[in-house]
file query34.cif (mmCIF, C-alpha atoms)
data_entry
loop_
_atom_site.label_atom_id
_atom_site.label_comp_id
_atom_site.auth_asym_id
_atom_site.auth_seq_id
_atom_site.Cartn_x
_atom_site.Cartn_y
_atom_site.Cartn_z
CA MET A 1 -247.64 -74.80 123.95
CA SER A 2 -248.69 -71.18 124.41
CA ASP A 3 -249.15 -69.14 121.25
CA THR A 4 -247.35 -66.09 122.66
CA ILE A 5 -243.98 -65.54 124.29
CA HIS A 6 -242.66 -62.73 126.48
CA LEU A 7 -239.61 -60.72 125.53
CA GLU A 8 -237.83 -58.72 128.23
CA VAL A 9 -236.07 -56.03 126.25
CA SER A 10 -233.46 -53.67 127.66
CA ARG A 11 -234.49 -50.05 127.07
CA TYR A 12 -232.29 -47.02 127.45
CA SER A 13 -233.12 -43.53 126.31
CA PRO A 14 -230.17 -41.15 126.70
CA GLU A 15 -232.57 -38.18 126.83
CA THR A 16 -234.45 -39.36 129.89
CA ASP A 17 -232.89 -42.45 131.52
CA ALA A 18 -229.96 -42.60 133.91
CA ALA A 19 -229.63 -46.36 133.39
CA PRO A 20 -231.26 -49.05 131.23
CA HIS A 21 -234.37 -50.87 132.42
CA PHE A 22 -236.32 -53.83 131.10
CA GLN A 23 -239.63 -53.62 129.29
CA THR A 24 -241.70 -56.74 128.72
CA PHE A 25 -243.46 -57.33 125.40
CA GLU A 26 -245.81 -60.16 124.48
CA VAL A 27 -245.32 -61.34 120.90
CA PRO A 28 -246.79 -64.23 118.91
CA PHE A 29 -244.81 -67.42 119.33
CA ARG A 30 -243.97 -69.07 116.02
CA LYS A 31 -241.48 -71.86 115.81
CA ASP A 32 -239.86 -70.41 112.69
CA TRP A 33 -239.31 -67.03 114.36
CA VAL A 34 -235.92 -65.85 115.51
CA VAL A 35 -235.40 -63.19 118.20
CA LEU A 36 -234.92 -60.57 115.47
CA ASP A 37 -238.38 -61.40 114.03
CA ALA A 38 -239.87 -60.78 117.46
CA LEU A 39 -238.03 -57.43 117.74
CA ASN A 40 -239.28 -56.44 114.28
CA TYR A 41 -242.81 -57.40 115.32
CA ILE A 42 -242.52 -55.18 118.40
CA LYS A 43 -241.21 -52.27 116.34
CA ASP A 44 -243.95 -52.67 113.70
CA LYS A 45 -246.95 -53.32 115.95
CA GLN A 46 -246.24 -52.33 119.54
CA ASP A 47 -243.52 -49.73 120.03
CA GLY A 48 -241.94 -47.96 117.09
CA SER A 49 -239.35 -46.34 119.34
CA LEU A 50 -237.52 -49.63 120.02
CA THR A 51 -234.03 -49.16 118.59
CA TYR A 52 -231.68 -51.90 117.40
CA ARG A 53 -229.38 -52.67 114.46
CA TRP A 54 -230.11 -55.26 111.84
CA SER A 55 -229.75 -55.71 108.14
CA CYS A 56 -229.41 -58.99 106.29
CA ARG A 57 -231.35 -61.50 108.49
CA MET A 58 -229.00 -64.25 107.36
CA GLY A 59 -225.86 -64.17 109.49
CA ILE A 60 -223.69 -62.27 107.04
CA CYS A 61 -223.85 -58.58 107.91
CA GLY A 62 -222.96 -58.94 111.59
CA SER A 63 -225.27 -56.12 112.69
CA CYS A 64 -227.81 -57.84 114.96
CA GLY A 65 -225.50 -59.12 117.71
CA MET A 66 -227.16 -58.82 121.16
CA LEU A 67 -227.22 -60.66 124.43
CA VAL A 68 -229.98 -63.26 124.49
CA ASN A 69 -230.45 -64.51 128.06
CA GLY A 70 -226.97 -63.16 128.80
CA GLU A 71 -225.27 -65.01 125.94
CA PRO A 72 -223.83 -63.08 122.94
CA LYS A 73 -225.86 -64.16 119.89
CA LEU A 74 -226.75 -63.09 116.38
CA THR A 75 -230.46 -62.49 116.92
CA CYS A 76 -231.18 -63.47 113.31
CA ALA A 77 -229.94 -66.98 114.05
CA THR A 78 -231.38 -67.45 117.54
CA PHE A 79 -234.77 -69.19 117.53
CA LEU A 80 -237.46 -68.32 120.06
CA ALA A 81 -238.34 -72.01 120.13
CA ASP A 82 -235.04 -72.76 121.87
CA TYR A 83 -236.12 -70.63 124.83
CA ALA A 84 -239.92 -71.08 124.92
CA PRO A 85 -242.00 -71.02 127.04
CA ALA A 86 -239.70 -69.03 129.36
CA PRO A 87 -239.36 -65.31 128.67
CA VAL A 88 -236.44 -64.29 126.48
CA ARG A 89 -234.21 -61.50 127.79
CA VAL A 90 -232.64 -59.30 125.12
CA GLU A 91 -229.87 -56.85 126.05
CA PRO A 92 -227.23 -54.85 124.16
CA LEU A 93 -223.81 -56.48 123.75
CA ARG A 94 -221.77 -56.53 126.94
CA ASN A 95 -218.53 -54.49 127.32
CA PHE A 96 -219.65 -51.71 124.96
CA PRO A 97 -221.21 -48.33 125.80
CA VAL A 98 -224.95 -48.29 125.08
CA VAL A 99 -226.14 -45.56 122.72
CA ARG A 100 -229.86 -46.35 122.91
CA ASP A 101 -231.92 -49.46 123.73
CA LEU A 102 -230.04 -52.32 122.03
CA VAL A 103 -227.59 -50.20 120.03
CA ILE A 104 -223.98 -50.11 121.20
CA ALA A 105 -221.18 -47.72 120.22
CA MET A 106 -218.69 -49.62 118.07
CA ASN A 107 -216.17 -46.79 117.59
CA ASP A 108 -213.58 -48.50 119.78
CA PHE A 109 -213.70 -51.73 117.77
CA MET A 110 -213.46 -49.86 114.46
CA ARG A 111 -210.41 -47.92 115.67
CA LYS A 112 -208.68 -51.09 116.84
CA LEU A 113 -209.51 -52.94 113.66
CA THR A 114 -208.01 -50.16 111.52
CA ARG A 115 -204.79 -50.24 113.55
CA MET A 116 -204.32 -53.88 112.49
CA LYS A 117 -204.18 -52.87 108.81
CA PRO A 118 -206.63 -55.58 107.74
CA TRP A 119 -205.97 -55.33 104.02
CA LEU A 120 -203.42 -56.75 101.59
CA ILE A 121 -200.12 -54.89 101.90
CA ARG A 122 -197.68 -55.22 98.98
CA LYS A 123 -194.17 -53.82 98.84
CA GLU A 124 -194.68 -53.32 95.17
CA GLU A 125 -197.90 -53.76 93.26
CA LYS A 126 -197.66 -56.01 90.24
CA PRO A 127 -198.63 -54.24 87.01
CA LEU A 128 -202.17 -55.09 85.92
CA SER A 129 -200.85 -56.62 82.71
CA GLU A 130 -199.32 -59.46 84.75
CA GLY A 131 -202.77 -60.53 85.86
CA GLU A 132 -204.18 -61.42 89.24
CA TYR A 133 -202.34 -62.83 92.27
CA LEU A 134 -202.93 -66.55 92.08
CA GLN A 135 -203.27 -68.86 95.06
CA THR A 136 -203.41 -72.60 95.45
CA PRO A 137 -206.27 -74.16 97.47
CA GLU A 138 -203.67 -74.91 100.19
CA GLN A 139 -202.69 -71.24 100.36
CA VAL A 140 -206.35 -70.23 100.65
CA ASP A 141 -206.86 -72.84 103.35
CA MET A 142 -204.14 -71.21 105.50
CA TYR A 143 -206.29 -68.14 106.25
CA LYS A 144 -209.81 -69.04 105.12
CA GLN A 145 -211.17 -69.76 108.59
CA PHE A 146 -210.11 -66.33 109.89
CA SER A 147 -211.52 -64.61 106.80
CA MET A 148 -215.04 -65.74 107.76
CA CYS A 149 -215.23 -62.99 110.42
CA ILE A 150 -218.25 -60.71 109.94
CA ASN A 151 -217.25 -58.10 112.57
CA CYS A 152 -220.32 -58.83 114.68
CA MET A 153 -218.37 -58.19 117.89
CA LEU A 154 -219.94 -61.11 119.78
CA CYS A 155 -216.39 -62.11 120.75
CA TYR A 156 -215.82 -58.72 122.38
CA ALA A 157 -219.01 -59.15 124.39
CA ALA A 158 -217.83 -62.59 125.54
CA CYS A 159 -214.25 -61.56 126.38
CA PRO A 160 -213.70 -60.72 130.08
CA VAL A 161 -210.26 -59.30 129.25
CA TYR A 162 -211.84 -56.68 126.99
CA GLY A 163 -214.42 -55.90 129.68
CA LEU A 164 -211.72 -55.33 132.30
CA ASP A 165 -209.12 -53.67 130.06
CA PRO A 166 -210.69 -51.50 127.36
CA LEU A 167 -207.25 -51.00 125.78
CA PHE A 168 -207.10 -54.69 124.78
CA ALA A 169 -207.18 -54.98 120.99
CA GLY A 170 -209.64 -57.85 121.24
CA PRO A 171 -210.31 -61.15 119.49
CA ALA A 172 -211.74 -60.18 116.10
CA ALA A 173 -209.15 -57.47 115.34
CA ILE A 174 -206.27 -59.87 116.07
CA ALA A 175 -207.90 -62.73 114.13
CA LEU A 176 -208.29 -60.41 111.13
CA ALA A 177 -204.66 -59.28 111.39
CA GLN A 178 -203.68 -62.94 111.38
CA ARG A 179 -206.00 -63.53 108.40
CA TYR A 180 -203.82 -61.14 106.34
CA ASN A 181 -200.54 -62.31 107.88
CA LEU A 182 -201.28 -65.82 106.66
CA ASP A 183 -202.31 -64.72 103.17
CA SER A 184 -199.66 -65.60 100.59
CA ARG A 185 -200.44 -62.38 98.66
CA ASP A 186 -199.73 -60.20 101.69
CA GLU A 187 -196.32 -58.75 102.56
CA GLY A 188 -197.36 -56.66 105.55
CA SER A 189 -196.73 -58.97 108.52
CA LYS A 190 -193.74 -56.88 109.61
CA ASP A 191 -195.93 -53.76 109.58
CA ARG A 192 -198.48 -55.49 111.80
CA PHE A 193 -195.92 -56.99 114.17
CA PRO A 194 -195.34 -53.85 116.33
CA VAL A 195 -199.10 -53.45 116.85
CA LEU A 196 -199.78 -57.13 117.46
CA SER A 197 -196.86 -57.93 119.75
CA GLN A 198 -197.83 -55.38 122.39
CA HIS A 199 -199.21 -56.11 125.81
CA ASP A 200 -202.53 -54.59 124.74
CA ALA A 201 -202.75 -56.98 121.83
CA ILE A 202 -201.77 -60.67 121.87
CA TRP A 203 -200.11 -60.67 125.31
CA GLY A 204 -203.23 -59.24 126.90
CA CYS A 205 -205.10 -62.41 125.99
CA THR A 206 -205.27 -64.96 128.80
CA PHE A 207 -206.89 -67.65 126.61
CA VAL A 208 -210.30 -67.69 128.26
CA GLY A 209 -211.55 -69.11 124.96
CA GLU A 210 -215.05 -67.60 125.19
CA CYS A 211 -214.54 -65.65 121.94
CA THR A 212 -214.29 -68.91 120.06
CA ARG A 213 -217.27 -70.46 121.81
CA VAL A 214 -219.63 -67.61 120.90
CA CYS A 215 -218.33 -67.00 117.35
CA PRO A 216 -221.24 -67.63 114.94
CA LYS A 217 -218.86 -68.13 112.00
CA HIS A 218 -216.45 -70.58 113.70
CA VAL A 219 -213.52 -68.21 113.20
CA ASP A 220 -211.75 -69.35 116.39
CA PRO A 221 -210.10 -66.03 117.33
CA ALA A 222 -208.57 -67.61 120.46
CA SER A 223 -206.62 -69.92 118.20
CA ALA A 224 -205.46 -67.02 116.00
CA ILE A 225 -204.13 -65.19 119.06
CA GLN A 226 -202.30 -68.22 120.50
CA GLN A 227 -200.77 -68.96 117.10
CA TYR A 228 -199.53 -65.41 116.86
CA LYS A 229 -198.07 -65.63 120.38
CA LEU A 230 -196.04 -68.58 119.12
CA THR A 231 -194.93 -66.60 116.05
CA ALA A 232 -193.94 -63.59 118.18
CA ALA A 233 -192.07 -65.78 120.69
CA MET A 234 -190.18 -67.55 117.90
CA ASP A 235 -189.33 -64.18 116.42
CA TRP A 236 -187.91 -63.09 119.75
CA VAL A 237 -185.87 -66.31 120.12
CA LYS A 238 -184.48 -65.80 116.62
CA SER A 239 -183.54 -62.20 117.37
CA VAL A 240 -181.68 -63.35 120.52
CA LEU A 241 -179.90 -66.24 118.86
CA MET A 242 -179.13 -64.44 115.63
CA PRO A 243 -178.98 -60.70 116.39
CA TRP A 244 -177.13 -60.19 113.14
CA GLY A 245 -179.86 -61.94 111.12
CA GLY A 246 -181.83 -59.80 108.75
CA LYS A 247 -185.34 -59.16 110.07
CA MET B 1 -215.55 -30.16 144.76
CA LYS B 2 -218.40 -31.77 142.94
CA SER B 3 -219.67 -29.73 140.05
CA THR B 4 -223.17 -28.41 140.57
CA ALA B 5 -223.59 -27.57 136.90
CA PRO B 6 -226.54 -29.43 135.34
CA VAL B 7 -225.75 -32.40 133.12
CA PRO B 8 -225.65 -31.06 129.55
CA ALA B 9 -228.73 -31.93 127.57
CA TYR B 10 -228.61 -34.78 125.10
CA THR B 11 -227.95 -33.69 121.54
CA LEU B 12 -226.80 -35.55 118.49
CA ASN B 13 -223.29 -34.21 119.03
CA HIS B 14 -223.38 -34.70 122.76
CA PRO B 15 -224.66 -38.23 123.27
CA ARG B 16 -224.83 -39.80 126.70
CA TRP B 17 -223.59 -43.33 126.44
CA TYR B 18 -224.41 -45.72 129.21
CA ARG B 19 -221.35 -47.60 130.41
CA LYS B 20 -221.81 -50.51 132.75
CA ARG B 21 -219.01 -51.22 135.20
CA VAL B 22 -217.69 -54.76 135.21
CA SER B 23 -218.51 -56.36 138.55
CA THR B 24 -215.60 -57.40 140.78
CA TYR B 25 -217.28 -60.82 140.84
CA TRP B 26 -217.56 -61.17 137.04
CA TRP B 27 -215.81 -64.55 137.28
CA LEU B 28 -218.64 -65.93 139.42
CA GLN B 29 -221.33 -64.97 136.95
CA ARG B 30 -220.72 -67.70 134.37
CA TRP B 31 -219.39 -71.23 134.78
CA GLU B 32 -217.07 -70.70 131.78
CA TYR B 33 -215.44 -67.72 133.50
CA LEU B 34 -215.14 -69.57 136.80
CA ARG B 35 -213.54 -72.53 135.04
CA PHE B 36 -211.03 -70.14 133.44
CA VAL B 37 -210.16 -68.56 136.81
CA LEU B 38 -209.74 -72.01 138.39
CA ARG B 39 -207.45 -72.99 135.52
CA GLU B 40 -205.34 -69.87 136.09
CA ILE B 41 -205.20 -70.47 139.87
CA SER B 42 -204.11 -74.06 139.26
CA SER B 43 -200.68 -72.76 138.19
CA VAL B 44 -200.04 -71.75 141.82
CA PHE B 45 -200.47 -75.39 142.83
CA ILE B 46 -198.27 -76.53 139.95
CA ALA B 47 -195.57 -74.18 141.26
CA TYR B 48 -196.09 -75.56 144.79
CA PHE B 49 -195.56 -79.13 143.56
CA VAL B 50 -192.41 -78.10 141.71
CA VAL B 51 -191.00 -76.48 144.84
CA LEU B 52 -191.98 -79.54 146.90
CA MET B 53 -190.18 -81.77 144.43
CA LEU B 54 -187.05 -79.59 144.60
CA PHE B 55 -187.11 -79.89 148.40
CA GLU B 56 -187.40 -83.69 148.08
CA VAL B 57 -184.31 -83.76 145.89
CA TYR B 58 -182.48 -81.39 148.22
CA PHE B 59 -183.15 -83.53 151.31
CA LEU B 60 -182.40 -86.71 149.39
CA ALA B 61 -178.95 -85.30 148.61
CA ARG B 62 -178.37 -84.57 152.29
CA GLY B 63 -178.58 -88.21 153.28
CA PRO B 64 -181.11 -90.81 154.48
CA GLN B 65 -181.72 -89.21 157.89
CA ALA B 66 -182.52 -85.77 156.46
CA TYR B 67 -184.82 -87.37 153.88
CA ALA B 68 -186.65 -89.43 156.53
CA ASP B 69 -187.16 -86.30 158.65
CA PHE B 70 -188.59 -84.50 155.65
CA GLN B 71 -190.91 -87.44 154.95
CA ASP B 72 -192.16 -87.22 158.54
CA LEU B 73 -192.89 -83.55 158.03
CA LEU B 74 -194.95 -84.40 154.96
CA LYS B 75 -197.13 -86.74 157.06
CA ASN B 76 -198.64 -83.68 158.76
CA PRO B 77 -202.42 -83.80 158.07
CA LEU B 78 -202.39 -80.18 156.92
CA ILE B 79 -199.74 -80.94 154.29
CA ILE B 80 -201.62 -84.07 153.22
CA ALA B 81 -204.76 -81.96 152.80
CA LEU B 82 -202.82 -79.35 150.83
CA ASN B 83 -201.32 -82.05 148.61
CA PHE B 84 -204.77 -83.53 148.05
CA VAL B 85 -206.16 -80.18 146.89
CA SER B 86 -203.01 -79.55 144.82
CA PHE B 87 -203.36 -82.92 143.13
CA PHE B 88 -206.91 -82.04 142.08
CA PHE B 89 -205.72 -78.72 140.61
CA VAL B 90 -202.73 -80.31 138.86
CA VAL B 91 -205.04 -82.81 137.15
CA PHE B 92 -207.46 -80.01 136.26
CA HIS B 93 -204.56 -77.91 134.92
CA SER B 94 -203.27 -80.75 132.77
CA ILE B 95 -206.65 -81.69 131.31
CA THR B 96 -207.69 -78.11 130.51
CA TRP B 97 -204.36 -77.20 128.93
CA PHE B 98 -204.11 -80.42 126.93
CA ASN B 99 -207.60 -79.72 125.60
CA LEU B 100 -206.50 -76.22 124.59
CA SER B 101 -203.23 -77.33 123.00
CA ALA B 102 -204.95 -78.13 119.72
CA ARG B 103 -206.09 -74.54 119.43
CA ALA B 104 -202.68 -73.02 120.10
CA MET B 105 -200.90 -75.23 117.60
CA THR B 106 -201.70 -75.77 113.98
CA VAL B 107 -199.78 -78.73 112.68
CA ARG B 108 -199.86 -79.32 108.97
CA VAL B 109 -198.86 -82.59 107.40
CA ALA B 110 -198.61 -82.59 103.61
CA GLY B 111 -200.54 -79.31 103.44
CA LYS B 112 -203.51 -80.66 105.45
CA ARG B 113 -204.26 -79.45 108.95
CA VAL B 114 -203.99 -82.22 111.53
CA PRO B 115 -207.35 -82.47 113.36
CA GLY B 116 -207.37 -81.03 116.89
CA PHE B 117 -208.29 -84.25 118.67
CA LEU B 118 -205.06 -85.86 117.41
CA ILE B 119 -202.96 -83.04 118.90
CA SER B 120 -204.74 -83.09 122.29
CA GLY B 121 -204.90 -86.87 122.06
CA SER B 122 -201.14 -87.20 121.65
CA ASN B 123 -200.64 -85.01 124.73
CA PHE B 124 -203.00 -87.20 126.74
CA ALA B 125 -201.32 -90.34 125.39
CA ALA B 126 -197.87 -89.06 126.42
CA TRP B 127 -199.28 -88.20 129.86
CA VAL B 128 -200.70 -91.71 130.32
CA VAL B 129 -197.49 -93.39 129.09
CA ILE B 130 -195.19 -91.31 131.33
CA SER B 131 -197.49 -91.76 134.34
CA THR B 132 -197.62 -95.54 133.74
CA VAL B 133 -193.81 -95.71 133.58
CA ILE B 134 -193.53 -93.78 136.86
CA VAL B 135 -196.16 -95.97 138.58
CA TRP B 136 -194.40 -99.09 137.28
CA PHE B 137 -191.07 -97.74 138.55
CA LEU B 138 -192.52 -97.06 142.02
CA MET B 139 -194.47 -100.33 142.30
CA ARG B 140 -191.53 -102.45 141.22
CA GLY B 141 -190.65 -102.67 144.89
#
call {"tool": "encode", "arguments": {"input": "query34.cif", "output": "structure tokens"}}
result
Amino acid sequence: MSDTIHLEVSRYSPETDAAPHFQTFEVPFRKDWVVLDALNYIKDKQDGSLTYRWSCRMGICGSCGMLVNGEPKLTCATFLADYAPAPVRVEPLRNFPVVRDLVIAMNDFMRKLTRMKPWLIRKEEKPLSEGEYLQTPEQVDMYKQFSMCINCMLCYAACPVYGLDPLFAGPAAIALAQRYNLDSRDEGSKDRFPVLSQHDAIWGCTFVGECTRVCPKHVDPASAIQQYKLTAAMDWVKSVLMPWGGK
Amino acid sequence: MKSTAPVPAYTLNHPRWYRKRVSTYWWLQRWEYLRFVLREISSVFIAYFVVLMLFEVYFLARGPQAYADFQDLLKNPLIIALNFVSFFFVVFHSITWFNLSARAMTVRVAGKRVPGFLISGSNFAAWVVISTVIVWFLMRG
């Protein structure tokens, strides 16, 4: 096997370029190298102007999401060996505006995430003297899967609905709303309901299921959305059958 | 009128983001997207079969002659071809949705989540049982 591998990296400089183009780099091929190692090698040794986000190198920070051969991936967990000897194509995440090279603007995701109120909402805080809010392992299990989300936005890059309708709240934001809805310590599900039950939120989802397939943390956002559709539909049925019932 | 003013220079506070338009043919670019679009289209064929079934019942209620005439109409090669394609889509629709059912439903028994293959599996099992009963009913003679 060859001791080098080619990386075709998408470059975009807002100062000079009208559109991104590809630049090919030749980097050493090592079987323990991930795509991010190759990008770091390029930045250190070949072209210091290459711009991309990364931080932890261990699939926790969610910064290094990019398209590798068209597939949304965490580049810190995507081995060159899985693609060798063919060239590896690295592009910024799909469905987001490109700021420079491999860096995308995440403002839209951050705004949508905040609208979901992804934090514990209490009607009344317990005084500190009463101690912490305790949970059983079963109660933790209810939301644990959805709490594994690292906000890497790979699901947004995989979601055709988000690509076609930028108003769609998107997989991760809804999964994180559901993470708090299912938390026994949280009392905010009624606050989240008006945001979640809109056409731009759960009802925008057509269950393509790609968000779940690309999720590096096995969060299964598609499942969170379908489950919430069921909750919202049941809520509607209840309000029709028992209009007098307290909400 | 198109503005002739030069594009403002890039500054930190005036970035120029590159936005790529989604192609009209986005659903042809990946097999997963195409499979999704086929699954969505399959509901048209499901609706067609439902309407066809309602017509069968309607003509059945109007007597043997009306039903026989309707059956003759269905022997048209074009309708047979349409039914053949529809059958393929109905099977595709059922399989894809049964596979997804486990993701839309979380069933908990005694606090433990029932594994997905049991939920899809029970759908498939019900499908096989009901189909067998119908085939048995028709083949009985």
call {"tool": "atom_distance", "arguments": {"input": "query34.cif", "atom1": "atom CA of Pro97 of chain A", "atom2": "atom CA of Met116 of chain A"}}
result
22.2 Å
call {"tool": "resolve_selection", "arguments": {"input": "query34.cif", "expression": "the PyMOL selection byres ((chain B and resi 107) around 12)", "output": "MDAnalysis selection string"}}
result
(chainID A and resid 142 227) or (chainID B and resid 101:106 108:120)
call {"tool": "resolve_selection", "arguments": {"input": "query34.cif", "expression": "the PyMOL selection byres ((chain A) within 6 of (chain B))", "output": "PyMOL selection string"}}
result
chain A and resi 14-15+97-99+208+223+226-227
call {"tool": "write_last_selection", "arguments": {"input": "query34.cif", "atoms": "C-alpha atoms", "output": "PDB file, keeping the file's coordinate frame"}}
result
ATOM      1  CA  PRO A  14    -230.170 -41.150 126.700  1.00  0.00           C
ATOM      2  CA  GLU A  15    -232.570 -38.180 126.830  1.00  0.00           C
ATOM      3  CA  PRO A  97    -221.210 -48.330 125.800  1.00  0.00           C
ATOM      4  CA  VAL A  98    -224.950 -48.290 125.080  1.00  0.00           C
ATOM      5  CA  VAL A  99    -226.140 -45.560 122.720  1.00  0.00           C
ATOM      6  CA  VAL A 208    -210.300 -67.690 128.260  1.00  0.00           C
ATOM      7  CA  SER A 223    -206.620 -69.920 118.200  1.00  0.00           C
ATOM      8  CA  GLN A 226    -202.300 -68.220 120.500  1.00  0.00           C
ATOM      9  CA  GLN A 227    -200.770 -68.960 117.100  1.00  0.00           C
TER      10      GLN A 227
END
call {"tool": "resolve_selection", "arguments": {"input": "query34.cif", "expression": "the PyMOL selection byres ((chain A and resi 89) around 6)", "output": "PyMOL selection string"}}
result
chain A and resi 7-9+68-69+88+90
call {"tool": "atom_distance", "arguments": {"input": "query34.cif", "atom1": "atom CA of Asn99 of chain B", "atom2": "atom CA of Phe207 of chain A"}}
result
12.1 Å
call {"tool": "atom_distance", "arguments": {"input": "query34.cif", "atom1": "atom CA of Trp31 of chain B", "atom2": "atom CA of Val161 of chain A"}}
result
16.0 Å
call {"tool": "residues_around", "arguments": {"input": "query34.cif", "residues": "Ser184 of chain A", "least_positions_apart": "4", "cutoff": "10 Å", "atoms": "all atoms listed in the file", "output": "JSON, numbers by chain"}}
result
{"A": [120, 133, 134, 135, 136, 139, 140, 142, 143, 180]}
call {"tool": "residues_around", "arguments": {"input": "query34.cif", "residues": "Ser49 of chain A", "least_positions_apart": "5", "cutoff": "12 Å", "atoms": "all atoms listed in the file", "output": "PDB file with C-alpha atoms, in the coordinates of the input"}}
result
ATOM      1  CA  ARG A  11    -234.490 -50.050 127.070  1.00  0.00           C
ATOM      2  CA  TYR A  12    -232.290 -47.020 127.450  1.00  0.00           C
ATOM      3  CA  SER A  13    -233.120 -43.530 126.310  1.00  0.00           C
ATOM      4  CA  LEU A  39    -238.030 -57.430 117.740  1.00  0.00           C
ATOM      5  CA  ASN A  40    -239.280 -56.440 114.280  1.00  0.00           C
ATOM      6  CA  ILE A  42    -242.520 -55.180 118.400  1.00  0.00           C
ATOM      7  CA  LYS A  43    -241.210 -52.270 116.340  1.00  0.00           C
ATOM      8  CA  ASP A  44    -243.950 -52.670 113.700  1.00  0.00           C
ATOM      9  CA  ARG A 100    -229.860 -46.350 122.910  1.00  0.00           C
ATOM     10  CA  ASP A 101    -231.920 -49.460 123.730  1.00  0.00           C
ATOM     11  CA  LEU A 102    -230.040 -52.320 122.030  1.00  0.00           C
TER      12      LEU A 102
END
call {"tool": "residues_near_point", "arguments": {"input": "query34.cif", "point": "(-249.4, -58.6, 125.7)", "cutoff": "9 Å", "atoms": "all atoms listed in the file", "output": "list in words"}}
result
Thr4, Ile5, His6, Thr24, Phe25, Glu26 and Val27 of chain A
